[in-house]
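Colleague: File name protein_5.cif; file contents mmCIF, C-alpha atoms; full text below.
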data_data
loop_
_atom_site.group_PDB
_atom_site.id
_atom_site.type_symbol
_atom_site.label_atom_id
_atom_site.label_comp_id
_atom_site.auth_asym_id
_atom_site.auth_seq_id
_atom_site.Cartn_x
_atom_site.Cartn_y
_atom_site.Cartn_z
ATOM 1 C CA MET A 1 80.077 47.273 59.354
ATOM 2 C CA PHE A 2 78.463 50.048 61.386
ATOM 3 C CA ALA A 3 76.526 48.690 64.339
ATOM 4 C CA LEU A 4 74.093 50.647 66.499
ATOM 5 C CA THR A 5 74.183 50.132 70.236
ATOM 6 C CA GLN A 6 71.453 47.685 71.101
ATOM 7 C CA PRO A 7 69.030 49.004 73.699
ATOM 8 C CA GLU A 8 69.189 47.144 76.982
ATOM 9 C CA LEU A 9 65.594 48.056 77.570
ATOM 10 C CA HIS A 10 62.960 49.174 75.067
ATOM 11 C CA GLU A 11 59.251 49.710 75.286
ATOM 12 C CA ALA A 12 56.793 51.088 72.738
ATOM 13 C CA LEU A 13 53.264 52.142 73.632
ATOM 14 C CA THR A 14 50.347 53.189 71.445
ATOM 15 C CA LEU A 15 48.045 55.339 73.510
ATOM 16 C CA PRO A 16 44.748 57.231 73.149
ATOM 17 C CA SER A 17 44.562 61.010 72.870
ATOM 18 C CA THR A 18 43.401 61.481 76.444
ATOM 19 C CA LEU A 19 44.928 62.901 79.597
ATOM 20 C CA SER A 20 45.385 59.347 80.915
ATOM 21 C CA THR A 21 48.127 59.069 78.278
ATOM 22 C CA VAL A 22 49.943 61.958 79.955
ATOM 23 C CA GLU A 23 49.976 60.045 83.245
ATOM 24 C CA THR A 24 51.058 56.827 81.503
ATOM 25 C CA VAL A 25 53.989 58.554 79.794
ATOM 26 C CA GLU A 26 55.019 60.280 83.013
ATOM 27 C CA LEU A 27 55.032 57.012 84.969
ATOM 28 C CA LYS A 28 56.901 55.102 82.261
ATOM 29 C CA ALA A 29 59.479 57.882 81.912
ATOM 30 C CA THR A 30 60.005 57.837 85.681
ATOM 31 C CA GLU A 31 60.471 54.073 85.584
ATOM 32 C CA PHE A 32 63.067 54.296 82.800
ATOM 33 C CA ALA A 33 64.867 57.241 84.413
ATOM 34 C CA GLN A 34 65.155 55.310 87.661
ATOM 35 C CA LYS A 35 66.411 52.229 85.823
ATOM 36 C CA ALA A 36 68.962 54.464 84.088
ATOM 37 C CA GLY A 37 70.291 55.358 87.514
ATOM 38 C CA PHE A 38 69.530 59.097 87.494
ATOM 39 C CA ASP A 39 69.201 60.717 90.905
ATOM 40 C CA GLU A 40 65.723 61.505 92.195
ATOM 41 C CA ASP A 41 65.697 65.167 91.128
ATOM 42 C CA THR A 42 66.935 64.392 87.604
ATOM 43 C CA ALA A 43 64.489 61.496 87.249
ATOM 44 C CA SER A 44 61.691 63.819 88.325
ATOM 45 C CA GLN A 45 62.735 66.420 85.754
ATOM 46 C CA ILE A 46 62.924 63.806 82.985
ATOM 47 C CA SER A 47 59.482 62.564 83.929
ATOM 48 C CA MET A 48 58.146 66.133 83.933
ATOM 49 C CA VAL A 49 59.444 67.028 80.454
ATOM 50 C CA SER A 50 58.207 63.692 79.078
ATOM 51 C CA ARG A 51 54.850 64.650 80.519
ATOM 52 C CA GLU A 52 55.118 68.007 78.716
ATOM 53 C CA ALA A 53 55.780 66.221 75.415
ATOM 54 C CA ALA A 54 52.758 63.995 75.997
ATOM 55 C CA VAL A 55 50.559 66.980 76.850
ATOM 56 C CA ASN A 56 51.619 68.645 73.594
ATOM 57 C CA ALA A 57 50.896 65.472 71.593
ATOM 58 C CA VAL A 58 47.457 64.943 73.150
ATOM 59 C CA LEU A 59 46.233 68.541 73.327
ATOM 60 C CA HIS A 60 48.060 70.465 70.605
ATOM 61 C CA GLY A 61 48.948 67.662 68.163
ATOM 62 C CA ASN A 62 45.989 65.321 68.201
ATOM 63 C CA LYS A 63 43.608 67.834 69.806
ATOM 64 C CA THR A 64 42.176 64.893 71.824
ATOM 65 C CA ALA A 65 40.678 63.395 68.627
ATOM 66 C CA PRO A 66 39.501 59.867 69.487
ATOM 67 C CA ASP A 67 40.712 58.449 66.157
ATOM 68 C CA LYS A 68 44.268 59.715 66.640
ATOM 69 C CA LYS A 69 46.913 57.917 68.667
ATOM 70 C CA VAL A 70 50.012 58.907 70.548
ATOM 71 C CA ARG A 71 53.056 56.663 70.174
ATOM 72 C CA ALA A 72 55.548 56.702 73.004
ATOM 73 C CA THR A 73 58.830 54.785 72.945
ATOM 74 C CA PHE A 74 61.358 54.495 75.726
ATOM 75 C CA SER A 75 64.868 53.160 75.102
ATOM 76 C CA LEU A 76 67.760 52.672 77.420
ATOM 77 C CA THR A 77 71.263 52.017 76.139
ATOM 78 C CA PRO A 78 74.463 52.036 78.199
ATOM 79 C CA GLU A 79 74.961 55.646 77.078
ATOM 80 C CA THR A 80 71.531 57.241 76.844
ATOM 81 C CA LEU A 81 67.907 57.313 77.839
ATOM 82 C CA THR A 82 65.777 58.223 74.813
ATOM 83 C CA ILE A 83 62.087 59.040 74.919
ATOM 84 C CA GLN A 84 60.149 59.624 71.712
ATOM 85 C CA ILE A 85 56.610 60.945 71.594
ATOM 86 C CA ALA A 86 54.749 61.092 68.286
ATOM 87 C CA ASP A 87 51.281 62.363 67.452
ATOM 88 C CA GLU A 88 49.104 62.284 64.345
ATOM 89 C CA GLY A 89 48.255 65.975 64.246
ATOM 90 C CA GLU A 90 49.169 68.718 61.822
ATOM 91 C CA GLY A 91 52.747 69.072 63.022
ATOM 92 C CA PHE A 92 54.285 72.232 64.377
ATOM 93 C CA ASP A 93 57.219 74.539 63.912
ATOM 94 C CA PRO A 94 59.377 74.607 67.060
ATOM 95 C CA SER A 95 61.118 77.772 65.855
ATOM 96 C CA ALA A 96 57.774 79.591 66.072
ATOM 97 C CA ILE A 97 57.537 79.144 69.831
ATOM 98 C CA PRO A 98 58.048 82.506 71.586
ATOM 99 C CA ASP A 99 60.898 82.813 74.078
ATOM 100 C CA PRO A 100 59.426 82.382 77.576
ATOM 101 C CA LEU A 101 62.393 84.250 79.062
ATOM 102 C CA SER A 102 61.724 87.438 77.081
ATOM 103 C CA PRO A 103 60.167 90.328 79.024
ATOM 104 C CA GLU A 104 56.838 89.760 77.275
ATOM 105 C CA GLY A 105 57.061 85.977 77.655
ATOM 106 C CA LEU A 106 57.962 85.903 81.324
ATOM 107 C CA LEU A 107 54.453 86.616 82.594
ATOM 108 C CA LYS A 108 52.618 84.445 80.085
ATOM 109 C CA PRO A 109 50.745 81.543 81.683
ATOM 110 C CA SER A 110 51.825 79.083 78.963
ATOM 111 C CA GLY A 111 54.629 78.359 76.514
ATOM 112 C CA ARG A 112 57.283 76.874 78.808
ATOM 113 C CA GLY A 113 56.990 73.190 77.889
ATOM 114 C CA VAL A 114 59.477 72.982 75.011
ATOM 115 C CA PHE A 115 61.782 75.419 76.792
ATOM 116 C CA LEU A 116 61.892 73.104 79.830
ATOM 117 C CA MET A 117 62.585 70.097 77.593
ATOM 118 C CA ARG A 118 65.577 71.888 76.076
ATOM 119 C CA ALA A 119 66.821 73.082 79.463
ATOM 120 C CA ILE A 120 66.622 69.694 81.131
ATOM 121 C CA MET A 121 67.481 67.180 78.399
ATOM 122 C CA ASP A 122 70.822 66.904 76.580
ATOM 123 C CA GLU A 123 69.204 66.671 73.149
ATOM 124 C CA VAL A 124 65.744 67.634 71.907
ATOM 125 C CA ASN A 125 64.916 66.920 68.283
ATOM 126 C CA PHE A 126 61.757 67.462 66.286
ATOM 127 C CA ARG A 127 60.730 65.563 63.195
ATOM 128 C CA GLN A 128 57.799 66.185 60.911
ATOM 129 C CA LEU A 129 55.783 63.041 60.163
ATOM 130 C CA SER A 130 53.016 62.648 57.646
ATOM 131 C CA PRO A 131 50.828 63.189 59.421
ATOM 132 C CA GLY A 132 52.038 64.356 62.776
ATOM 133 C CA ALA A 133 55.105 65.368 64.670
ATOM 134 C CA GLU A 134 57.670 63.459 66.688
ATOM 135 C CA ILE A 135 59.804 64.763 69.495
ATOM 136 C CA THR A 136 62.896 62.935 70.690
ATOM 137 C CA LEU A 137 64.235 63.601 74.176
ATOM 138 C CA VAL A 138 67.715 62.298 75.012
ATOM 139 C CA LYS A 139 69.537 62.298 78.330
ATOM 140 C CA HIS A 140 73.084 61.005 78.622
ATOM 141 C CA ARG A 141 73.599 58.655 81.509
ATOM 142 C CA ASN A 142 77.115 59.651 82.475
ATOM 143 C CA ARG A 143 76.808 63.383 82.894
ATOM 144 C CA GLU A 144 75.676 63.513 86.495
ATOM 145 C CA MET B 1 46.897 62.534 92.722
ATOM 146 C CA SER B 2 46.125 66.236 92.809
ATOM 147 C CA MET B 3 46.752 69.305 94.858
ATOM 148 C CA ASN B 4 45.273 70.193 98.248
ATOM 149 C CA VAL B 5 44.874 73.729 99.526
ATOM 150 C CA LYS B 6 44.451 74.686 103.167
ATOM 151 C CA ILE B 7 43.623 78.287 103.950
ATOM 152 C CA ARG B 8 44.825 80.136 107.037
ATOM 153 C CA HIS B 9 44.703 83.772 108.063
ATOM 154 C CA VAL B 10 47.693 85.240 109.832
ATOM 155 C CA GLY B 11 47.467 88.917 110.805
ATOM 156 C CA GLY B 12 45.565 90.070 107.732
ATOM 157 C CA ILE B 13 47.469 87.787 105.369
ATOM 158 C CA THR B 14 45.837 84.842 103.643
ATOM 159 C CA VAL B 15 48.180 81.865 103.685
ATOM 160 C CA LEU B 16 47.473 79.092 101.200
ATOM 161 C CA ASP B 17 49.226 75.886 102.235
ATOM 162 C CA LEU B 18 49.578 73.939 98.984
ATOM 163 C CA SER B 19 50.445 70.260 98.909
ATOM 164 C CA GLY B 20 50.745 67.607 96.229
ATOM 165 C CA ARG B 21 51.072 68.349 92.538
ATOM 166 C CA ILE B 22 50.442 71.558 90.623
ATOM 167 C CA THR B 23 49.994 70.135 87.150
ATOM 168 C CA LEU B 24 47.709 70.402 84.161
ATOM 169 C CA GLY B 25 44.144 69.702 85.212
ATOM 170 C CA GLU B 26 42.864 69.516 88.769
ATOM 171 C CA GLY B 27 46.053 70.669 90.432
ATOM 172 C CA SER B 28 46.341 73.919 88.550
ATOM 173 C CA ILE B 29 42.607 74.653 88.704
ATOM 174 C CA GLY B 30 42.679 74.146 92.485
ATOM 175 C CA LEU B 31 45.264 76.895 92.843
ATOM 176 C CA ARG B 32 43.371 79.222 90.518
ATOM 177 C CA ASP B 33 40.129 78.720 92.464
ATOM 178 C CA ALA B 34 41.815 79.255 95.819
ATOM 179 C CA VAL B 35 43.421 82.533 94.727
ATOM 180 C CA ARG B 36 40.204 83.722 93.089
ATOM 181 C CA ASP B 37 38.222 82.944 96.261
ATOM 182 C CA ALA B 38 40.773 84.727 98.445
ATOM 183 C CA LEU B 39 40.595 87.839 96.247
ATOM 184 C CA ALA B 40 36.782 87.690 96.197
ATOM 185 C CA ALA B 41 36.811 87.556 99.996
ATOM 186 C CA GLY B 42 38.779 90.795 100.028
ATOM 187 C CA SER B 43 42.256 89.414 100.706
ATOM 188 C CA LYS B 44 44.954 91.568 99.158
ATOM 189 C CA LYS B 45 47.950 89.905 100.793
ATOM 190 C CA ILE B 46 48.352 86.297 99.730
ATOM 191 C CA LEU B 47 51.160 83.975 100.727
ATOM 192 C CA LEU B 48 51.632 80.668 98.926
ATOM 193 C CA ASN B 49 53.322 78.036 101.053
ATOM 194 C CA VAL B 50 54.724 75.510 98.594
ATOM 195 C CA ALA B 51 56.718 73.459 101.105
ATOM 196 C CA ASP B 52 54.672 70.325 100.381
ATOM 197 C CA VAL B 53 54.395 70.759 96.616
ATOM 198 C CA ASN B 54 56.318 67.775 95.318
ATOM 199 C CA TYR B 55 55.730 68.089 91.586
ATOM 200 C CA ILE B 56 55.056 70.972 89.248
ATOM 201 C CA ASP B 57 54.870 71.116 85.446
ATOM 202 C CA SER B 58 54.709 73.975 82.956
ATOM 203 C CA ALA B 59 50.944 74.287 83.459
ATOM 204 C CA GLY B 60 51.588 74.552 87.196
ATOM 205 C CA LEU B 61 54.223 77.224 86.610
ATOM 206 C CA GLY B 62 51.669 78.995 84.434
ATOM 207 C CA GLU B 63 49.153 78.891 87.265
ATOM 208 C CA LEU B 64 51.678 80.428 89.665
ATOM 209 C CA VAL B 65 52.233 83.211 87.123
ATOM 210 C CA GLY B 66 48.463 83.563 86.699
ATOM 211 C CA ALA B 67 48.003 83.803 90.468
ATOM 212 C CA TYR B 68 50.705 86.456 90.646
ATOM 213 C CA THR B 69 49.192 88.602 87.888
ATOM 214 C CA SER B 70 45.633 88.191 89.247
ATOM 215 C CA VAL B 71 46.693 89.418 92.669
ATOM 216 C CA LYS B 72 48.798 92.243 91.246
ATOM 217 C CA ASN B 73 45.964 93.338 88.952
ATOM 218 C CA ALA B 74 43.651 93.429 91.979
ATOM 219 C CA GLY B 75 46.107 95.785 93.680
ATOM 220 C CA GLY B 76 47.375 93.105 96.034
ATOM 221 C CA ASP B 77 50.622 91.380 96.813
ATOM 222 C CA LEU B 78 51.524 87.701 96.421
ATOM 223 C CA LYS B 79 54.582 86.010 97.851
ATOM 224 C CA LEU B 80 55.929 82.477 97.859
ATOM 225 C CA MET B 81 57.653 80.696 100.711
ATOM 226 C CA ASN B 82 59.313 77.414 101.606
ATOM 227 C CA LEU B 83 60.454 76.434 98.112
ATOM 228 C CA SER B 84 61.823 72.917 97.796
ATOM 229 C CA LYS B 85 64.996 72.497 95.746
ATOM 230 C CA LYS B 86 62.910 70.912 92.997
ATOM 231 C CA VAL B 87 60.530 73.873 92.717
ATOM 232 C CA LYS B 88 63.295 76.439 93.132
ATOM 233 C CA ASP B 89 65.310 74.820 90.326
ATOM 234 C CA LEU B 90 62.351 75.198 87.967
ATOM 235 C CA LEU B 91 61.860 78.845 88.937
ATOM 236 C CA VAL B 92 65.559 79.469 88.297
ATOM 237 C CA ILE B 93 65.511 77.745 84.883
ATOM 238 C CA THR B 94 62.431 79.708 83.799
ATOM 239 C CA LYS B 95 63.680 82.969 85.388
ATOM 240 C CA LEU B 96 60.448 83.143 87.369
ATOM 241 C CA LEU B 97 62.520 83.551 90.499
ATOM 242 C CA THR B 98 63.080 87.107 89.238
ATOM 243 C CA VAL B 99 59.304 87.646 89.094
ATOM 244 C CA PHE B 100 58.119 86.217 92.408
ATOM 245 C CA ASP B 101 58.924 87.605 95.810
ATOM 246 C CA VAL B 102 60.229 84.445 97.487
ATOM 247 C CA LYS B 103 60.878 84.112 101.209
ATOM 248 C CA GLU B 104 62.677 81.382 103.085
ATOM 249 C CA ASN B 105 60.077 80.937 105.805
ATOM 250 C CA GLU B 106 56.744 82.179 107.140
ATOM 251 C CA LYS B 107 58.232 84.590 109.656
ATOM 252 C CA ASP B 108 60.210 86.412 106.968
ATOM 253 C CA ALA B 109 57.280 86.338 104.554
ATOM 254 C CA ILE B 110 54.767 87.756 107.030
ATOM 255 C CA ALA B 111 57.194 90.506 108.018
ATOM 256 C CA ALA B 112 57.815 91.366 104.348
ATOM 257 C CA PHE B 113 54.152 92.149 103.710
ATOM 258 C CA GLY B 114 54.532 95.167 105.996
#
Transcribe the structure of this file into structure tokens.
Modeller:
Amino acid sequence: MFALTQPELHEALTLPSTLSTVETVELKATEFAQKAGFDEDTASQISMVSREAAVNAVLHGNKTAPDKKVRATFSLTPETLTIQIADEGEGFDPSAIPDPLSPEGLLKPSGRGVFLMRAIMDEVNFRQLSPGAEITLVKHRNRE
Amino acid sequence: MSMNVKIRHVGGITVLDLSGRITLGEGSIGLRDAVRDALAAGSKKILLNVADVNYIDSAGLGELVGAYTSVKNAGGDLKLMNLSKKVKDLLVITKLLTVFDVKENEKDAIAAFG
């Protein structure tokens, strides 16, 4: 029978649609990245892109609506660190995000969050919820 | 924790010594205000010292881009110096290193303003 790897550490948080949630996610991601054994620079990058995902969930997904929550889960297995951030907004189409490396995108003040997630993490997956959107960020532990 | 800005003037160049975090919220607004104030005071040559910036997110990168375009649009020149590995890595990933004029140290940066 197929068996999934059991997480050695797992934490799920339900958070308000406020900027304090961004700080909470950043701190928790840092904690998990350090426990995963990533070096300081990599842990800092993981924390930063988790922060980006939380910013998107709070500001663009839930639009800071007080009745909408952000769910953040952090899982550590022997192979991977996985961070999932879900909102209760209208969802979004990741393919519609303009390329921040294009000549017209390079000097734009915004639009680099998802790009940074993809550049820094090993896997970035989006899932449409009803309602909302979920982003899954995965970093393999043995690719240092 | 947010960003602090100290302002110095070195031979006609306004040096902004940034420290802390340039992130969404206070950190990025602090940079915007400092650059706006420098331009309003007539400074056309602005040097951002990011040696003590220990954390930057996409909003912070956006503020650096905004500072660059504000200064350029005002007919001025903006340079960066003393990039940490962490900040430099982000500028490489986002190709912003090709946008900014980055100098290793203050001596080189001051000389480059001409």
Colleague: Counting all atoms listed in the file, which residues have an atom no more than 12 Å from (50.2, 87.2, 110.0) in the file's coordinates? Please list them as a ChimeraX atom specification.
Modeller: /B:8-15,45-47,106-114
Colleague: Any chance you could work out the residue set of the PyMOL selection byres ((chain A and resi 47) around 8) here, as a list of chain:residue names?
Modeller: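 Output of the PyMOL selection byres ((chain A and resi 47) around 8): A:Val25, A:Glu26, A:Leu27, A:Ala29, A:Thr30, A:Ala33, A:Ala43, A:Ser44, A:Gln45, A:Ile46, A:Met48, A:Val49, A:Ser50, A:Arg51.
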Colleague: Mind telling me what the PyMOL selection byres ((chain A and resi 85) around 8) catches here, as an NGL selection string?
Modeller: :A and (53-54 or 57 or 70-73 or 83-84 or 86-87 or 134-136)
Colleague: State, in Å with one decimal place, the distance from CA of Thr21 in chain A to CA of Lys69 in chain A.
Modeller: 9.8 Å
Colleague: Evaluating the PyMOL selection byres ((chain B) within 7 of (chain A)) on the displayed file yields which residues, as a ChimeraX atom specification?
Modeller: /B:57-59,62-63,65-66,86,94-95
Colleague: Kindly provide, as JSON, the centre and edge lengths (Å, one decimal) of an axis-aligned box around all atoms of range 113-126 of chain A given in the file, with 8 Å on each side.
Modeller:
{"center_x": 63.9, "center_y": 71.0, "center_z": 73.7, "size_x": 29.8, "size_y": 24.7, "size_z": 30.8}
Colleague: Start from the incomplete input, build N, CA and C atoms for range 114-138 of chain A, and deliver everything as an mmCIF file, keeping the file's coordinate frame.
Modeller:
data_model
loop_
_atom_site.group_PDB
_atom_site.id
_atom_site.type_symbol
_atom_site.label_atom_id
_atom_site.label_comp_id
_atom_site.auth_asym_id
_atom_site.auth_seq_id
_atom_site.Cartn_x
_atom_site.Cartn_y
_atom_site.Cartn_z
ATOM 1 N N VAL A 114 58.326 73.316 75.864
ATOM 2 C CA VAL A 114 59.477 72.982 75.011
ATOM 3 C C VAL A 114 60.757 73.593 75.594
ATOM 4 N N PHE A 115 60.621 74.784 76.151
ATOM 5 C CA PHE A 115 61.782 75.419 76.792
ATOM 6 C C PHE A 115 62.328 74.522 77.909
ATOM 7 N N LEU A 116 61.448 73.975 78.729
ATOM 8 C CA LEU A 116 61.892 73.104 79.830
ATOM 9 C C LEU A 116 62.545 71.828 79.288
ATOM 10 N N MET A 117 61.976 71.292 78.209
ATOM 11 C CA MET A 117 62.585 70.097 77.593
ATOM 12 C C MET A 117 64.028 70.397 77.197
ATOM 13 N N ARG A 118 64.230 71.534 76.553
ATOM 14 C CA ARG A 118 65.577 71.888 76.076
ATOM 15 C C ARG A 118 66.518 72.169 77.243
ATOM 16 N N ALA A 119 65.970 72.740 78.316
ATOM 17 C CA ALA A 119 66.821 73.082 79.463
ATOM 18 C C ALA A 119 67.242 71.833 80.233
ATOM 19 N N ILE A 120 66.389 70.846 80.260
ATOM 20 C CA ILE A 120 66.622 69.694 81.131
ATOM 21 C C ILE A 120 67.272 68.521 80.394
ATOM 22 N N MET A 121 66.924 68.317 79.132
ATOM 23 C CA MET A 121 67.481 67.180 78.399
ATOM 24 C C MET A 121 68.769 67.594 77.686
ATOM 25 N N ASP A 122 69.574 66.604 77.299
ATOM 26 C CA ASP A 122 70.822 66.904 76.580
ATOM 27 C C ASP A 122 70.572 67.148 75.100
ATOM 28 N N GLU A 123 69.568 66.464 74.562
ATOM 29 C CA GLU A 123 69.204 66.671 73.149
ATOM 30 C C GLU A 123 67.689 66.680 73.034
ATOM 31 N N VAL A 124 67.178 67.603 72.212
ATOM 32 C CA VAL A 124 65.744 67.634 71.907
ATOM 33 C C VAL A 124 65.624 67.820 70.399
ATOM 34 N N ASN A 125 65.039 66.841 69.740
ATOM 35 C CA ASN A 125 64.916 66.920 68.283
ATOM 36 C C ASN A 125 63.458 66.770 67.861
ATOM 37 N N PHE A 126 63.114 67.517 66.823
ATOM 38 C CA PHE A 126 61.757 67.462 66.286
ATOM 39 C C PHE A 126 61.803 66.899 64.875
ATOM 40 N N ARG A 127 60.804 66.112 64.548
ATOM 41 C CA ARG A 127 60.730 65.563 63.195
ATOM 42 C C ARG A 127 59.286 65.647 62.726
ATOM 43 N N GLN A 128 59.130 66.106 61.501
ATOM 44 C CA GLN A 128 57.799 66.185 60.911
ATOM 45 C C GLN A 128 57.434 64.811 60.372
ATOM 46 N N LEU A 129 56.267 64.304 60.707
ATOM 47 C CA LEU A 129 55.783 63.041 60.163
ATOM 48 C C LEU A 129 54.657 63.376 59.188
ATOM 49 N N SER A 130 54.173 62.363 58.503
ATOM 50 C CA SER A 130 53.016 62.648 57.646
ATOM 51 C C SER A 130 51.927 61.594 57.893
ATOM 52 N N PRO A 131 50.962 61.901 58.736
ATOM 53 C CA PRO A 131 50.828 63.189 59.421
ATOM 54 C C PRO A 131 51.471 63.124 60.804
ATOM 55 N N GLY A 132 51.633 64.287 61.381
ATOM 56 C CA GLY A 132 52.038 64.356 62.776
ATOM 57 C C GLY A 132 53.415 64.932 63.013
ATOM 58 N N ALA A 133 53.802 64.855 64.257
ATOM 59 C CA ALA A 133 55.105 65.368 64.670
ATOM 60 C C ALA A 133 55.679 64.409 65.706
ATOM 61 N N GLU A 134 56.997 64.341 65.732
ATOM 62 C CA GLU A 134 57.670 63.459 66.688
ATOM 63 C C GLU A 134 58.727 64.279 67.417
ATOM 64 N N ILE A 135 58.761 64.105 68.714
ATOM 65 C CA ILE A 135 59.804 64.763 69.495
ATOM 66 C C ILE A 135 60.652 63.680 70.153
ATOM 67 N N THR A 136 61.958 63.891 70.096
ATOM 68 C CA THR A 136 62.896 62.935 70.690
ATOM 69 C C THR A 136 63.655 63.637 71.809
ATOM 70 N N LEU A 137 63.565 63.051 72.995
ATOM 71 C CA LEU A 137 64.235 63.601 74.176
ATOM 72 C C LEU A 137 65.354 62.639 74.578
ATOM 73 N N VAL A 138 66.574 63.156 74.681
ATOM 74 C CA VAL A 138 67.715 62.298 75.012
ATOM 75 C C VAL A 138 68.426 62.839 76.245
#
